[in-house]
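input23.txt follows (compact mmCIF, C-alpha atoms):
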# COMPACT_ATOMS: atom_id res chain seq x y z
CA MET F 1 -21.57 54.11 -56.25
CA ALA F 2 -21.13 53.33 -52.54
CA GLN F 3 -22.62 49.98 -51.59
CA HIS F 4 -23.05 50.85 -47.92
CA GLN F 5 -24.47 53.95 -46.31
CA ILE F 6 -23.41 55.39 -42.99
CA ASP F 7 -25.94 56.19 -40.27
CA PRO F 8 -24.41 56.98 -36.85
CA ASN F 9 -27.88 57.24 -35.27
CA LYS F 10 -28.09 53.43 -35.30
CA TRP F 11 -24.54 52.65 -34.21
CA ILE F 12 -25.25 52.12 -30.50
CA THR F 13 -28.24 49.81 -30.99
CA GLN F 14 -26.71 47.88 -33.86
CA TYR F 15 -23.04 47.57 -33.07
CA SER F 16 -22.27 48.40 -29.43
CA ASP F 17 -22.70 44.83 -28.14
CA TYR F 18 -20.70 43.33 -30.99
CA LEU F 19 -17.86 45.81 -30.54
CA PHE F 20 -17.99 45.39 -26.76
CA ASN F 21 -17.74 41.59 -27.00
CA TYR F 22 -14.92 41.89 -29.53
CA THR F 23 -13.03 44.21 -27.19
CA ILE F 24 -13.60 42.43 -23.89
CA THR F 25 -12.27 39.14 -25.27
CA ARG F 26 -9.10 41.02 -26.16
CA VAL F 27 -8.59 43.33 -23.16
CA ASN F 28 -10.36 41.33 -20.45
CA ASP F 29 -11.61 44.38 -18.56
CA ARG F 30 -15.19 45.68 -18.69
CA VAL F 31 -14.43 49.32 -18.04
CA ILE F 32 -11.55 49.49 -20.51
CA ALA F 33 -13.70 47.71 -23.10
CA GLN F 34 -16.45 50.32 -22.64
CA ASP F 35 -13.95 53.15 -23.00
CA LEU F 36 -12.48 51.67 -26.15
CA VAL F 37 -15.93 51.17 -27.71
CA GLN F 38 -16.83 54.76 -26.87
CA GLU F 39 -13.57 56.03 -28.35
CA THR F 40 -14.25 53.97 -31.48
CA PHE F 41 -17.65 55.54 -32.01
CA LEU F 42 -16.23 59.03 -31.47
CA ALA F 43 -13.36 58.35 -33.88
CA GLY F 44 -15.95 57.02 -36.34
CA LEU F 45 -17.89 60.29 -36.08
CA LYS F 46 -14.75 62.31 -36.72
CA SER F 47 -13.79 60.30 -39.79
CA MET F 48 -17.26 59.75 -41.25
CA ALA F 49 -16.20 61.71 -44.32
CA ASN F 50 -13.59 59.03 -45.08
CA PHE F 51 -16.17 56.23 -45.20
CA LYS F 52 -16.27 55.13 -48.83
CA GLY F 53 -19.06 52.58 -48.47
CA GLU F 54 -16.98 49.74 -49.89
CA SER F 55 -17.21 47.77 -46.64
CA SER F 56 -20.09 47.53 -44.20
CA GLU F 57 -20.35 50.04 -41.35
CA ARG F 58 -19.55 47.26 -38.88
CA THR F 59 -16.37 46.22 -40.68
CA TRP F 60 -15.31 49.85 -40.84
CA LEU F 61 -15.96 50.36 -37.11
CA ILE F 62 -14.08 47.14 -36.27
CA ALA F 63 -11.09 48.42 -38.24
CA ILE F 64 -11.10 51.58 -36.10
CA LEU F 65 -11.54 49.52 -32.93
CA LYS F 66 -8.59 47.25 -33.81
CA ARG F 67 -6.36 50.32 -33.99
CA LYS F 68 -7.71 51.53 -30.63
CA ILE F 69 -6.93 48.14 -29.04
CA ILE F 70 -3.39 48.17 -30.47
CA ASP F 71 -2.89 51.72 -29.17
CA TYR F 72 -4.14 50.62 -25.75
CA TYR F 73 -1.64 47.76 -25.59
CA ARG F 74 1.17 49.98 -26.82
CA LYS F 75 0.39 52.42 -24.03
CA ILE F 76 0.30 49.83 -21.23
CA ASN F 77 3.34 48.01 -22.56
CA SER F 78 5.41 51.14 -22.57
CA LYS F 79 4.35 51.78 -18.95
CA LYS F 80 5.07 48.16 -18.01
CA GLY F 81 8.48 48.33 -19.69
CA LYS F 82 9.45 51.29 -17.57
CA ALA F 83 8.28 49.54 -14.40
CA GLU F 84 10.23 46.38 -15.16
CA VAL F 85 13.51 48.23 -15.41
CA ARG F 86 13.18 49.10 -11.75
CA VAL F 87 12.52 45.51 -10.61
CA ASN F 88 15.47 43.93 -8.91
CA TYR F 89 14.60 40.25 -9.34
CA ASN F 90 16.27 37.92 -6.84
CA SER F 91 19.44 39.82 -6.14
CA ASP F 92 20.11 37.23 -3.43
CA SER F 93 22.56 34.76 -4.97
CA GLU F 94 21.13 31.79 -2.97
CA ASN F 95 17.79 32.10 -4.71
CA GLU F 96 19.30 32.65 -8.09
CA GLY F 97 17.45 30.69 -10.74
CA ASP F 98 14.12 30.54 -8.83
CA TRP F 99 12.55 32.80 -11.41
CA LEU F 100 12.90 30.01 -13.98
CA GLU F 101 10.35 27.87 -12.12
CA GLU F 102 8.07 30.83 -11.55
CA GLN F 103 8.08 31.62 -15.24
CA VAL F 104 6.99 28.13 -16.35
CA ALA F 105 3.54 28.18 -17.88
CA ASP F 106 0.74 26.69 -15.80
CA PRO F 107 -0.30 23.51 -17.67
CA PHE F 108 -3.88 23.90 -16.42
CA ASP F 109 -4.13 27.42 -17.72
CA LYS F 110 -6.03 28.11 -20.95
CA THR F 111 -3.80 27.86 -23.99
CA ALA F 112 -3.53 30.65 -26.53
CA GLU F 113 -5.29 28.39 -29.03
CA ASP F 114 -8.26 27.94 -26.68
CA THR F 115 -8.53 31.67 -26.20
CA ILE F 116 -8.39 32.36 -29.93
CA GLU F 117 -10.92 29.63 -30.70
CA ASN F 118 -13.30 30.88 -28.03
CA SER F 119 -13.04 34.44 -29.25
CA GLU F 120 -13.72 33.27 -32.82
CA LEU F 121 -16.68 31.27 -31.53
CA GLY F 122 -17.95 34.43 -29.82
CA ASP F 123 -17.61 36.34 -33.10
CA ALA F 124 -19.53 33.58 -34.92
CA ILE F 125 -22.33 33.72 -32.33
CA TYR F 126 -22.54 37.50 -32.71
CA ASN F 127 -22.63 37.18 -36.51
CA CYS F 128 -25.61 34.85 -36.14
CA MET F 129 -27.28 37.13 -33.58
CA ASP F 130 -26.98 39.99 -36.06
CA LYS F 131 -29.25 38.07 -38.42
CA LEU F 132 -32.06 37.89 -35.84
CA PRO F 133 -34.88 40.44 -35.80
CA GLU F 134 -33.97 43.27 -33.40
CA LYS F 135 -36.48 42.31 -30.70
CA GLN F 136 -35.43 38.65 -30.70
CA ALA F 137 -31.76 39.58 -30.45
CA GLN F 138 -32.49 42.01 -27.60
CA VAL F 139 -34.50 39.49 -25.56
CA PHE F 140 -31.99 36.71 -26.21
CA LYS F 141 -29.06 38.88 -25.11
CA MET F 142 -30.85 40.02 -21.96
CA LYS F 143 -31.87 36.51 -20.99
CA THR F 144 -28.85 34.50 -22.08
CA ILE F 145 -25.84 36.80 -21.93
CA LEU F 146 -26.79 39.29 -19.25
CA ASN F 147 -28.73 36.68 -17.23
CA TYR F 148 -31.58 39.06 -16.42
CA ASP F 149 -34.54 37.29 -14.85
CA THR F 150 -37.78 36.88 -16.76
CA GLU F 151 -39.65 39.45 -14.68
CA THR F 152 -37.04 42.18 -15.26
CA ILE F 153 -37.04 41.61 -19.02
CA CYS F 154 -40.85 41.58 -19.16
CA ASN F 155 -41.04 44.86 -17.23
CA GLU F 156 -38.31 46.49 -19.25
CA LEU F 157 -39.74 45.53 -22.63
CA ASN F 158 -43.40 45.48 -21.65
CA ILE F 159 -44.04 41.90 -22.71
CA THR F 160 -45.66 38.91 -20.98
CA PRO F 161 -43.66 35.87 -19.82
CA SER F 162 -45.32 33.70 -22.48
CA ASN F 163 -44.30 36.26 -25.13
CA LEU F 164 -40.77 36.13 -23.78
CA TRP F 165 -40.58 32.34 -24.09
CA VAL F 166 -41.96 32.43 -27.65
CA ILE F 167 -39.31 35.00 -28.58
CA ILE F 168 -36.58 32.97 -26.86
CA HIS F 169 -37.71 29.83 -28.67
CA ARG F 170 -37.61 31.54 -32.08
CA ALA F 171 -34.24 33.11 -31.36
CA ARG F 172 -32.69 29.84 -30.16
CA THR F 173 -34.03 27.90 -33.16
CA ALA F 174 -32.67 30.48 -35.63
CA LEU F 175 -29.33 30.72 -33.82
CA ALA F 176 -28.86 26.95 -33.61
CA GLU F 177 -29.53 26.65 -37.37
CA CYS F 178 -27.18 29.51 -38.18
CA MET F 179 -24.43 28.05 -35.98
CA GLU F 180 -25.00 24.64 -37.57
CA ASP F 181 -24.36 26.18 -41.00
CA ASN F 182 -21.40 28.33 -39.99
CA TRP F 183 -19.60 26.74 -37.10
CA PHE F 184 -20.51 23.22 -35.91
CA MET G 1 -59.58 8.91 -25.13
CA LYS G 2 -58.20 10.92 -22.24
CA LYS G 3 -54.52 11.86 -22.57
CA SER G 4 -52.15 10.59 -19.91
CA PHE G 5 -51.04 13.22 -17.41
CA LEU G 6 -47.51 12.22 -18.37
CA PHE G 7 -48.05 13.15 -22.01
CA ILE G 8 -46.79 16.48 -23.30
CA SER G 9 -47.00 17.83 -26.84
CA CYS G 10 -43.97 18.46 -28.96
CA GLU G 11 -44.42 22.22 -28.53
CA GLU G 12 -44.63 21.86 -24.77
CA ALA G 13 -41.52 19.67 -24.80
CA LYS G 14 -39.61 22.32 -26.74
CA HIS G 15 -40.78 24.98 -24.29
CA ILE G 16 -39.58 22.91 -21.33
CA CYS G 17 -36.31 22.26 -23.15
CA ASP G 18 -35.85 26.05 -23.50
CA LYS G 19 -36.54 26.50 -19.78
CA VAL G 20 -34.01 23.77 -18.97
CA GLN G 21 -31.30 25.84 -20.70
CA TYR G 22 -31.88 28.59 -18.11
CA ASN G 23 -32.39 26.21 -15.16
CA GLU G 24 -36.00 27.32 -14.91
CA ALA G 25 -37.76 24.00 -15.47
CA THR G 26 -39.25 22.22 -12.46
CA GLY G 27 -38.35 18.65 -11.58
CA TRP G 28 -41.75 17.47 -12.80
CA GLU G 29 -41.28 19.25 -16.15
CA ARG G 30 -37.83 17.69 -16.54
CA PHE G 31 -39.31 14.29 -15.85
CA LYS G 32 -42.03 14.73 -18.50
CA LEU G 33 -39.43 16.01 -20.98
CA GLY G 34 -37.22 13.03 -20.21
CA LEU G 35 -40.09 10.66 -20.97
CA ARG G 36 -40.81 12.32 -24.29
CA LEU G 37 -37.13 12.28 -25.19
CA THR G 38 -37.15 8.49 -25.01
CA TRP G 39 -39.34 8.18 -28.11
CA CYS G 40 -39.79 11.53 -29.94
CA GLN G 41 -37.11 12.18 -32.55
CA ILE G 42 -38.18 15.78 -33.14
CA THR G 43 -37.76 16.58 -29.45
CA GLN G 44 -34.46 14.72 -29.41
CA LYS G 45 -33.14 16.75 -32.33
CA TYR G 46 -34.34 20.04 -30.85
CA SER G 47 -32.89 19.19 -27.45
CA LYS G 48 -29.53 18.24 -28.94
CA GLN G 49 -29.31 21.50 -30.93
CA ASN G 50 -30.44 23.53 -27.94
CA ASN G 51 -27.87 21.97 -25.61
CA LYS G 52 -25.15 22.52 -28.19
CA LEU G 53 -26.06 26.21 -28.42
CA THR G 54 -25.93 26.58 -24.63
CA GLU G 55 -22.54 24.84 -24.53
CA SER G 56 -21.20 27.18 -27.21
CA MET G 57 -22.51 30.24 -25.38
CA ASP G 58 -20.80 29.07 -22.18
CA LYS G 59 -17.56 28.17 -23.94
CA ALA G 60 -17.31 31.47 -25.80
CA SER G 61 -18.22 33.50 -22.67
CA VAL G 62 -20.05 35.95 -24.91
CA GLU G 63 -20.50 39.39 -23.34
CA ALA G 64 -22.89 42.28 -23.93
CA MET G 65 -23.35 45.72 -22.43
CA THR G 66 -25.86 46.00 -19.61
CA LEU G 67 -28.85 48.32 -20.10
CA ASN G 68 -27.24 50.94 -17.85
CA GLU G 69 -23.91 50.78 -19.63
CA LYS G 70 -25.61 51.14 -22.99
CA GLU G 71 -27.73 54.03 -21.76
CA GLU G 72 -24.62 55.88 -20.57
CA LEU G 73 -22.86 55.26 -23.85
CA GLN G 74 -25.93 56.42 -25.75
CA LYS G 75 -26.08 59.67 -23.76
CA SER G 76 -22.45 60.61 -24.26
CA PHE G 77 -22.55 59.59 -27.91
CA GLU G 78 -25.71 61.57 -28.62
CA SER G 79 -24.20 64.77 -27.26
CA GLU G 80 -21.18 64.29 -29.56
CA LEU G 81 -23.39 63.35 -32.48
CA ALA G 82 -25.47 66.51 -32.02
CA LYS G 83 -22.32 68.61 -32.47
CA TYR G 84 -21.63 66.93 -35.81
CA GLN G 85 -25.22 67.12 -37.00
CA ASN G 86 -25.47 70.81 -36.08
CA GLN G 87 -22.43 71.68 -38.11
CA PRO G 88 -23.26 73.84 -41.13
Re-express the file's structure as structure tokens.
Amino acid sequence: MAQHQIDPNKWITQYSDYLFNYTITRVNDRVIAQDLVQETFLAGLKSMANFKGESSERTWLIAILKRKIIDYYRKINSKKGKAEVRVNYNSDSENEGDWLEEQVADPFDKTAEDTIENSELGDAIYNCMDKLPEKQAQVFKMKTILNYDTETICNELNITPSNLWVIIHRARTALAECMEDNWF
Amino acid sequence: MKKSFLFISCEEAKHICDKVQYNEATGWERFKLGLRLTWCQITQKYSKQNNKLTESMDKASVEAMTLNEKEELQKSFESELAKYQNQP
């Protein structure tokens, strides 16, 4: 029997932020990340019949998203490849060899290891946020990630500022404990 | 005995510590928290954990969709979903 059930009605509330964060750390563009998340959900709808329930819905959606990200890079790389053929780099013989210096990596730039570690840290934070009650996760995201001010959140969710701080306190305590167990 | 105006409870200290993470604590609140941090181990532990969480959030540059972005996504997804749910 299938261990996991599929329910697309909850996809946006439950998984959109996780998928969005996963994508943006890999494509580095908000609009493209939104498009890829949307395409993932639509592809998920189309292939719902193939969901066997052996993995969680989120794992299944991430698998679809990974393919979408690969397709995206394939597409832009093929375009880039064509463009590079037309570049006539330093045809002037006096400047020959300048490109070598220009191609040297910037030592102050982030290393690939840093980027990978930070994206894994982001995934770990999201895994911990997923364990929070829905309201706590929502308030925490609005306050901490989206940097909405207290008044906006209170108006949007119809809560008082003291309620907000109680929710934030509970969320931060739970998250710190979860991160302590899984990351630090 | 009357409590000193410098004294804050552990709960109040934690609340101020939370506000500090969002730069919303006043100078006076920070001062009172600082005083409590000199002797209260519970506040010290909470503050350390809280700062670590903030550092991790900053380091990871975690992102989420804004309310508007999510609303737009929800709308377009719902119209697609309706097509699938209305299929015989």
For this session: Show which residues sit within 6 Å of region 57-71 of chain G, as a list in words. Count only C-alpha atoms, and ignore same-chain residues fewer than 4 positions away.
Result: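 Within the cut-off, the hits are Asp17, Asn21, Asn118, Leu121 and Gly122 of chain F.
Shortest atom-to-atom contact with Phe41 (chain F) among F:Ile69, F:Met129, F:Leu61, F:Leu175: F:Leu61, counting all atoms listed in the file.
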Exercise. For chain G, which residues have at least one atom within 12 Å of chain F, if we go by only C-alpha atoms? Write them as a PyMOL selection string, please.
Worked result: chain G and resi 11-24+45-85
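Atom pair CA of Ile8 (chain G) / CA of Glu29 (chain G) has a distance of 9.4 Å (rounded to one decimal).
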Problem set entry | Distance in Å - CA of Leu157 (chain F) versus CA of Arg170 (chain F) | 17.0 Å
Seminar exercise, completed: The distance between CA of Gln136 (chain F) and CA of Asn158 (chain F) is 13.9 Å
Exercise. Quick one: residues within 8 Å of Lys32 (chain G), all atoms listed in the file counted, chain neighbours fewer than 4 positions away excluded, as a PyMOL selection string?
Worked result: chain G and resi 6-8+28+36
Take the residues from that selection and write them out as an mmCIF file, in the frame of the given file, keeping C-alpha atoms.
data_model
loop_
_atom_site.group_PDB
_atom_site.id
_atom_site.type_symbol
_atom_site.label_atom_id
_atom_site.label_comp_id
_atom_site.auth_asym_id
_atom_site.auth_seq_id
_atom_site.Cartn_x
_atom_site.Cartn_y
_atom_site.Cartn_z
ATOM 1 C CA LEU G 6 -47.510 12.220 -18.370
ATOM 2 C CA PHE G 7 -48.050 13.150 -22.010
ATOM 3 C CA ILE G 8 -46.790 16.480 -23.300
ATOM 4 C CA TRP G 28 -41.750 17.470 -12.800
ATOM 5 C CA ARG G 36 -40.810 12.320 -24.290
#
Taking all atoms of region 12-31 of chain G that the file lists, what box with edges along x, y and z, padded by 8 Å per side, do you get, with centre and edge lengths in Å to one decimal, as lines of an AutoDock Vina configuration file?
center_x = -38.0
center_y = 21.4
center_z = -19.2
size_x = 29.3
size_y = 30.3
size_z = 31.2
